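Here's the structure, in structure tokens; my notes come after.
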Amino acid sequence: AVGQADCALLNAGGVRGNADYSQREWFTFADLRSEFPFPDACTVVEMPGGVLEDAVVYSRKRSRMEPPEEESGLLHLCDDADYDDASQTIVSLGGKPFFQEETYHVALPVAILNGLDDNLPLVEWASSTGLHVDEDSGVPIKVLFMEYFVMTCWAELGRRFSDMDRRGMGVLDADDIREYLTELYGSGAVSDVLVQNVVAMADLSGTGSVDMVELLCAQMRGQQMSERRSKRGQRPTAILTSLASFHSMKRKSSIEVKDLVQAVKSLSDRRSSANWHKGLRKG
């Protein structure tokens, strides 16, 4: 899931848009498809820090030649990793000192792990551990980005259920979600694809709508993702506490932390068994 890996590796050749978005107000789904035209499936593996660092160094060896040579297998590290190109070392990861002997959760395209571009440190490590990941078990990279964008929306939709359920239906449908997304971003930024995906991400029961517990879980996950980016080490229980403090159930009964924890556990079981990411619309 988004935000659960310690860092991510991405093949430079997989990013093809070659566009500058600094003067653009919105990054659209069309932009996403342009930047990532390939259906790369991604996975998360437990990897020794030494292998991670060696893989990045190996992928950049030609770029350090004089003159530098183009190299399709060059690996990009995410912003959570502080890589010093001069010493060819990873200095920190997630704001904490990096250690080669530590084990990290690394997100990367399955094809790279299975031998694309012949990154020897990765290939040799995978071979020595007997690791082989079926690409069908990975999550397409565009779906991962959509999940990130959607969870950002849920984090910013920090409203009480009663405020959003203006018709008193007891659930939120696509029209309810569209109304509040429009208030946040403006009508020009709210497409059918966005609304469908925002609903799909929270609709863990598969009803096509979002009930109160699903709303709280989606907002909790969105807030957790945001706080993970801004402050590493945030305890999930602290996020649950903050949610419980300003949300209320019907009939004015309060939601306690233990209730949300139990709800998250049960919904997580449903989510993991239902191939949730296949429900996200690609437009």
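Residue numbers start at 1 in each chain; chains themselves are named A, B, ... in the order of the structure tokens; ligands are numbered from 1 in the order shown.
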
Each residue of stretch 4-36 of chain A lying at most 6 Å from stretch 74-91 of chain A should get a row with its shortest atom-to-atom pair and the distance in Å to one decimal, counting only C-alpha atoms; could you produce that, ordered by chain and increasing number, as JSON lines?
```
{"residue": "A:Ala8", "atom": "CA", "partner": "A:Cys78", "partner_atom": "CA", "distance": 5.4}
{"residue": "A:Leu9", "atom": "CA", "partner": "A:Leu77", "partner_atom": "CA", "distance": 5.0}
{"residue": "A:Leu10", "atom": "CA", "partner": "A:His76", "partner_atom": "CA", "distance": 5.1}
{"residue": "A:Asn11", "atom": "CA", "partner": "A:Leu75", "partner_atom": "CA", "distance": 4.8}
{"residue": "A:Ala12", "atom": "CA", "partner": "A:Leu74", "partner_atom": "CA", "distance": 5.6}
```

With the cut-off set at 10 Å and counting only C-alpha atoms, tabulate each residue of stretch 64-162 of chain A with an atom at most that distance from an atom of stretch 38-52 of chain A, showing the nearest atom pair and its distance in Å to one decimal, ordered by chain and increasing number, as a tab-separated table.
```
residue	atom	partner	partner_atom	distance
A:Leu77	CA	A:Leu52	CA	9.9
A:Thr89	CA	A:Gly50	CA	9.8
A:Ile90	CA	A:Gly49	CA	9.0
A:Phe98	CA	A:Gly49	CA	7.5
A:Phe99	CA	A:Gly49	CA	6.1
A:Gln100	CA	A:Gly49	CA	4.0
A:Glu101	CA	A:Gly49	CA	5.8
A:Glu102	CA	A:Gly49	CA	5.5
A:Thr103	CA	A:Pro48	CA	4.4
A:Tyr104	CA	A:Met47	CA	5.3
A:His105	CA	A:Glu46	CA	4.6
A:Val106	CA	A:Val44	CA	5.3
A:Ala107	CA	A:Val44	CA	4.3
A:Leu108	CA	A:Cys42	CA	5.4
A:Pro109	CA	A:Cys42	CA	4.1
A:Val110	CA	A:Cys42	CA	5.2
A:Ala111	CA	A:Ala41	CA	7.6
A:Ile112	CA	A:Cys42	CA	9.4
A:Leu113	CA	A:Thr43	CA	9.2
A:Leu120	CA	A:Val51	CA	9.9
A:Pro121	CA	A:Val51	CA	6.2
A:Leu122	CA	A:Val51	CA	6.8
A:Glu124	CA	A:Val51	CA	9.5
A:Trp125	CA	A:Val51	CA	7.2
A:Ala126	CA	A:Met47	CA	9.6
A:Leu131	CA	A:Val45	CA	9.5
A:Val133	CA	A:Thr43	CA	8.2
A:Asp134	CA	A:Ala41	CA	9.4
A:Glu135	CA	A:Ala41	CA	6.0
A:Asp136	CA	A:Ala41	CA	7.5
A:Ser137	CA	A:Ala41	CA	7.9
A:Gly138	CA	A:Ala41	CA	4.8
A:Val139	CA	A:Ala41	CA	5.0
A:Pro140	CA	A:Ala41	CA	4.2
A:Ile141	CA	A:Asp40	CA	5.6
A:Lys142	CA	A:Pro39	CA	7.5
A:Val143	CA	A:Ala41	CA	9.3
A:Leu144	CA	A:Cys42	CA	8.4
```

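Between atom CA of A:Gln223 and atom CA of A:Leu184 the interatomic distance comes to 16.3 Å.
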
Per DSSP on the backbone, what are the helix (DSSP H, G or I) residues of stretch 105-168 of chain A, as a ChimeraX atom specification? /A:110-113,116-118,120-129,135-137,141-156,161-164

Residue nearest A:Met201 among A:Ala189, A:Ala5, A:Cys217, A:Val56 (counting only C-alpha atoms): A:Cys217

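Candidate residues A:Ser205, A:Ser72, A:Thr152, A:Ser191 were compared for distance to A:Glu179, and the nearest is A:Ser191, using only C-alpha atoms.
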
Could you pull the residues within 7 Å of A:Ala174, counting only C-alpha atoms, minus those fewer than 2 positions along the same chain, as number ranges by chain? A: 172, 176-178, 195, 199

How would the residues just picked look written out with C-alpha atoms as a CSV table (one decimal), in the first residue's frame?
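Below is the file that was written, out.csv:
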```csv
chain,number,residue,atom,x,y,z
A,172,LEU,CA,-22.1,8.8,0.6
A,176,ASP,CA,-21.8,13.6,-2.5
A,177,ILE,CA,-18.1,13.0,-3.1
A,178,ARG,CA,-18.1,15.1,-6.3
A,195,VAL,CA,-14.6,10.7,-8.4
A,199,VAL,CA,-15.2,6.2,-4.1
```

So, counting only C-alpha atoms, which residue among A:Gly17, A:Gln4, A:Met212, A:Ser92 is closest to A:Ser162?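 Counting only C-alpha atoms, the residue closest to A:Ser162 is A:Met212.
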
One decimal place gives the atom CA of A:Glu66-atom CA of A:Asp20 separation as 28.2 Å

Which one is closest to A:Phe149: A:Leu93, A:Leu194, A:Met220, A:Cys7? Count only C-alpha atoms. A:Leu194

Members of stretch 16-254 of chain A assigned strand (DSSP E) by DSSP, as a ChimeraX atom specification: /A:41-48,75-77,81-84,89-93,96-97,103-109,139-140

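The smallest atom-to-atom distance between A:Glu70 and any of A:Gly186, A:Gly13, A:Gly94, A:Gly130, using only C-alpha atoms, is found for A:Gly13.
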